[in-house]
Structures are given as C-alpha cells and as structure tokens.
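Below is one structure; the comments refer to it alone.
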Amino acid sequence: MTRLDLKEVVAELAASQAPARAPMTDPFEIILYEAVGYLIDDEPRQVLFEALRSQIGLDPKAIVSAPDEALLGITRRGGMHPDKRAERLRSSARIVLGACGGDLAAALAGLPLAKARALLKQFDGLGDPGADRILLFGGYAAVPAVDSNGLRALVRMGFCLERPSWSSTYKDAVAVLASQGEPEREWLMSAWLALREHGKALCKRSRPQCLACPFDELCAHAVTSSL
Ligand code: SF4
C-alpha cells in the first residue's frame with residue numbers, strides 16, 4: 001500500500017524535528033489538559049492548564065468543589081463548548097474520587113490492561129486514542145497509539161486506508177504501528193510524538209506542505225478532507 005518504511009519514517013521525523021517538550025505522563029493531568037481547550041494549539045492550551053493549576057488546583061477534590069464560574073472562566077478561553085468542557089473537568093474529577101480513591105495513577109497501576117482501559121474509557125471524551133495514549137505515556141503498557149494529526153499523516157502516506165468511521169481508521173493505524181513498528185515503549189512514544197508533530201507542521205489537514213516534506217516522492221498523497 002505504501003513504499004515508505006514506518007521505522008524509517010519515524011526515525012527521520014524524530015531526527016529532523018525540534019526536541020519535543022517532555023511529554024505529560026500523569027493520567028489525570030493528561031485528561032485535564034485535553035479538556036481545558038477544544039482544537040487549540042499547544043501553547044494556549046498550556047496557558048489554560050497552568051491557569052487551572054494556579055487558580056483551582058489539579059486535585060480532583062478542588063475541581064469537584066470549584067464554583068462553575070471558576071471552571072468556566074478557564075474553559076471559555078479555550079474555544080468552543082466551554083460549558084461541556086467545564087462539566088468534563090468536573091465529571092472526570094468525580095470519577096477519580098468515586099472509582100479510584102482520588103488517585104487515578106495508583107488505580108491504573110493496580111489493574112490488568114483490559115480493566116485499566118475500561119476505567120479510562122469511562123472518562124468523557126477519552127475513547128481508545130486517549131486511553132492508549134495514557135496507557136503508553138503513563139507507563140502502564142507498551143501499546144501503540146496515535147493522535148488525530150498522526151493518523152492523518154499515516155493515511156496520506158498510505159500506511160492505512162481511511163475507513164467510513166474515524167474509530168475504524170484508528171484501529172487500522174494502531175495495528176500498523178504494532179505490526180510494522182517496534183514493540184518497546186520508547187519507540188511507541190517517539191512514534192506518537194513524531195507523527196503528531198508531522199501532522200501539525202507539514203501534513204496539515206487542509207493544506208499539506210508536500211513540497212517541504214521529506215517523504216514527498218514516496219508518499220501515497222492520499223489527501224482526504226475529513227481527517
Ligand atoms: S508528502 Fe504531503 S501528504 Fe505526504 S506525508 Fe508529506 S505532507 Fe503529508
């Protein structure tokens with residue numbers, strides 16, 4: 001399907017990109033970080049996450065008891081659906097308090113993989129991509145994962161096809177990462193980071209920068225509008 005080699009693609013991207021900021025590893029912090037903004041860049045998202053930390057705190061008890069206006073004061077600065085995202089912050093904190101004794105990281109560490117994944121999928125908006133990311137970066141399991149930017153790049157390069165549903169395409173993509181990549185956590189994390197950055201910087205959703213891309217000559221160029 002593709003003339004590209006996945007390991008070579010990840011290695012070339014990792015070597016050519018600026019070093020990524022140390023990735024987040026705490027599962028509850030990742031959930032909060034994703035909920036503060038909707039389709040916004042990393043820099044403003046980080047600003048909002050730090051505002052949540054300083055104004056309310058990252059402790060689930062503090063988030064559950066925070067006034068609505070305090071949560072909304074942060075989520076309103078993060079794009080669309082601020083009400084839903086404020087509720088997502090609060091409902092996530094409630095799950096940690098109710099199902100994890102207040103410590104999601106410790107709860108996940110004590111569960112077998114299937115149950116850890118099931119627990120993570122209780123959190124609003126997480127799904128398989130979010131659960132896989134947390135399992136991988138939190139150090140719970142060396143599972144393949146890819147974000148929406150990386151998935152778009154994998155499809156365009158021809159590593160997998162775009163399916164009718166995003167979740168089916170995601171399943172195909174992680175299967176490719178598992179079969180053509182390396183099984184170690186370090187490689188899987190570097191693949192997630194490198195493919196995400198490639199999708200954001202060059203393999204952009206609406207206008208991919210193919211002339212500047214190192215894979216231009218071998219890429220399948222399966223440019224789609226929906227991913
Ligand atoms: S050549 Fe274009 S479509 Fe292919 S990976 Fe590079 S930017 Fe994406």
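Identifiers for the structure tokens are assigned positionally: chains receive A, B, ... in sequence, residues are indexed from 1 per chain, and ligands are indexed from 1 in the order shown.
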
Identify all residues of stretch 21-222 of chain A in helix (DSSP H, G or I) (DSSP on the backbone) and supply them as a ChimeraX atom specification.
-> /A:27-35,42-55,60-65,68-78,82-99,104-109,113-120,127-137,148-157,166-180,185-201,210-212

Please list as a PDB file with N, CA and C atoms, in the first residue's frame every residue within 7 Å of stretch 140-146 of chain A, counting only C-alpha atoms and excluding residues in the same chain fewer than 4 positions away.
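Result file selection-v7.pdb:
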ATOM      1  N   ALA A 109      -2.372   1.585  38.005  1.00  0.00           N
ATOM      2  CA  ALA A 109      -1.210   0.722  38.246  1.00  0.00           C
ATOM      3  C   ALA A 109      -1.623  -0.618  38.841  1.00  0.00           C
ATOM      4  N   PRO A 129      -8.245   6.374  21.548  1.00  0.00           N
ATOM      5  CA  PRO A 129      -6.998   7.139  21.378  1.00  0.00           C
ATOM      6  C   PRO A 129      -6.482   7.737  22.692  1.00  0.00           C
ATOM      7  N   ASP A 132      -5.299   4.793  25.009  1.00  0.00           N
ATOM      8  CA  ASP A 132      -4.000   4.259  24.571  1.00  0.00           C
ATOM      9  C   ASP A 132      -2.866   5.223  24.911  1.00  0.00           C
ATOM     10  N   ARG A 133      -3.110   6.501  24.685  1.00  0.00           N
ATOM     11  CA  ARG A 133      -2.061   7.492  24.981  1.00  0.00           C
ATOM     12  C   ARG A 133      -1.694   7.451  26.467  1.00  0.00           C
ATOM     13  N   LEU A 135      -2.199   4.961  28.651  1.00  0.00           N
ATOM     14  CA  LEU A 135      -1.563   3.684  28.992  1.00  0.00           C
ATOM     15  C   LEU A 135      -0.095   3.698  28.572  1.00  0.00           C
ATOM     16  N   LEU A 136       0.173   4.278  27.407  1.00  0.00           N
ATOM     17  CA  LEU A 136       1.546   4.304  26.891  1.00  0.00           C
ATOM     18  C   LEU A 136       2.413   5.301  27.654  1.00  0.00           C
ATOM     19  N   GLY A 150      -1.303  12.571  13.712  1.00  0.00           N
ATOM     20  CA  GLY A 150      -0.506  11.441  13.248  1.00  0.00           C
ATOM     21  C   GLY A 150      -1.318  10.487  12.404  1.00  0.00           C
ATOM     22  N   LEU A 151      -2.566  10.295  12.769  1.00  0.00           N
ATOM     23  CA  LEU A 151      -3.431   9.394  11.990  1.00  0.00           C
ATOM     24  C   LEU A 151      -3.610   9.912  10.563  1.00  0.00           C
ATOM     25  N   VAL A 174      -3.317   1.751  14.522  1.00  0.00           N
ATOM     26  CA  VAL A 174      -2.544   1.169  15.639  1.00  0.00           C
ATOM     27  C   VAL A 174      -2.106  -0.257  15.298  1.00  0.00           C
ATOM     28  N   LEU A 177       1.059   0.269  13.420  1.00  0.00           N
ATOM     29  CA  LEU A 177       2.141   0.603  14.349  1.00  0.00           C
ATOM     30  C   LEU A 177       2.635  -0.655  15.061  1.00  0.00           C
ATOM     31  N   ALA A 178       1.705  -1.546  15.403  1.00  0.00           N
ATOM     32  CA  ALA A 178       2.087  -2.769  16.108  1.00  0.00           C
ATOM     33  C   ALA A 178       2.840  -3.727  15.195  1.00  0.00           C
ATOM     34  N   PRO A 183       8.171  -2.810  19.340  1.00  0.00           N
ATOM     35  CA  PRO A 183       7.238  -3.019  20.454  1.00  0.00           C
ATOM     36  C   PRO A 183       7.603  -2.249  21.729  1.00  0.00           C
ATOM     37  N   GLU A 184       8.801  -1.663  21.768  1.00  0.00           N
ATOM     38  CA  GLU A 184       9.220  -1.023  23.013  1.00  0.00           C
ATOM     39  C   GLU A 184       8.479   0.297  23.246  1.00  0.00           C
ATOM     40  N   ARG A 185       8.247   0.591  24.523  1.00  0.00           N
ATOM     41  CA  ARG A 185       7.541   1.825  24.898  1.00  0.00           C
ATOM     42  C   ARG A 185       8.245   3.050  24.347  1.00  0.00           C
ATOM     43  N   LEU A 188       7.391   3.495  20.695  1.00  0.00           N
ATOM     44  CA  LEU A 188       5.970   3.829  20.506  1.00  0.00           C
ATOM     45  C   LEU A 188       5.696   5.279  20.911  1.00  0.00           C
ATOM     46  N   TRP A 192       4.442   8.327  18.398  1.00  0.00           N
ATOM     47  CA  TRP A 192       3.277   9.191  18.691  1.00  0.00           C
ATOM     48  C   TRP A 192       3.678  10.658  18.565  1.00  0.00           C
TER      49      TRP A 192
END

Closest atom pairs, residues of stretch 75-160 of chain A within 9 Å of stretch 3-26 of chain A, only C-alpha atoms, as JSON lines:
{"residue": "A:Leu104", "atom": "CA", "partner": "A:Asp26", "partner_atom": "CA", "distance": 8.7}
{"residue": "A:Ala105", "atom": "CA", "partner": "A:Asp26", "partner_atom": "CA", "distance": 6.7}
{"residue": "A:Ile134", "atom": "CA", "partner": "A:Thr25", "partner_atom": "CA", "distance": 7.2}
{"residue": "A:Leu136", "atom": "CA", "partner": "A:Thr25", "partner_atom": "CA", "distance": 8.7}
{"residue": "A:Phe137", "atom": "CA", "partner": "A:Thr25", "partner_atom": "CA", "distance": 5.2}
{"residue": "A:Gly138", "atom": "CA", "partner": "A:Thr25", "partner_atom": "CA", "distance": 4.6}
{"residue": "A:Gly139", "atom": "CA", "partner": "A:Thr25", "partner_atom": "CA", "distance": 7.7}
{"residue": "A:Met157", "atom": "CA", "partner": "A:Leu4", "partner_atom": "CA", "distance": 7.4}
{"residue": "A:Gly158", "atom": "CA", "partner": "A:Arg3", "partner_atom": "CA", "distance": 8.1}
{"residue": "A:Phe159", "atom": "CA", "partner": "A:Leu6", "partner_atom": "CA", "distance": 8.0}

Using only C-alpha atoms and all ligand atoms, what are the residues with an atom within 12 Å of ligand 1, set out as a PyMOL selection string?
-> chain A and resi 2-4+6+9-10+13+149-159+195-225+227

What is the atom CA of A:Glu50-atom CA of A:Lys84 distance in Å, reported with one decimal?
-> 19.7 Å

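Proximity to A:Leu39 was assessed for A:Gly102, A:Ser148, A:Arg94, A:Ser54 counting only C-alpha atoms; the smallest distance is recorded for A:Ser148.
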
Give the answer as one residue: which of A:Ile74, A:Arg88, A:Val96, A:Leu48 has the shortest atom-to-atom distance to A:Lys61, using only C-alpha atoms?
-> A:Val96
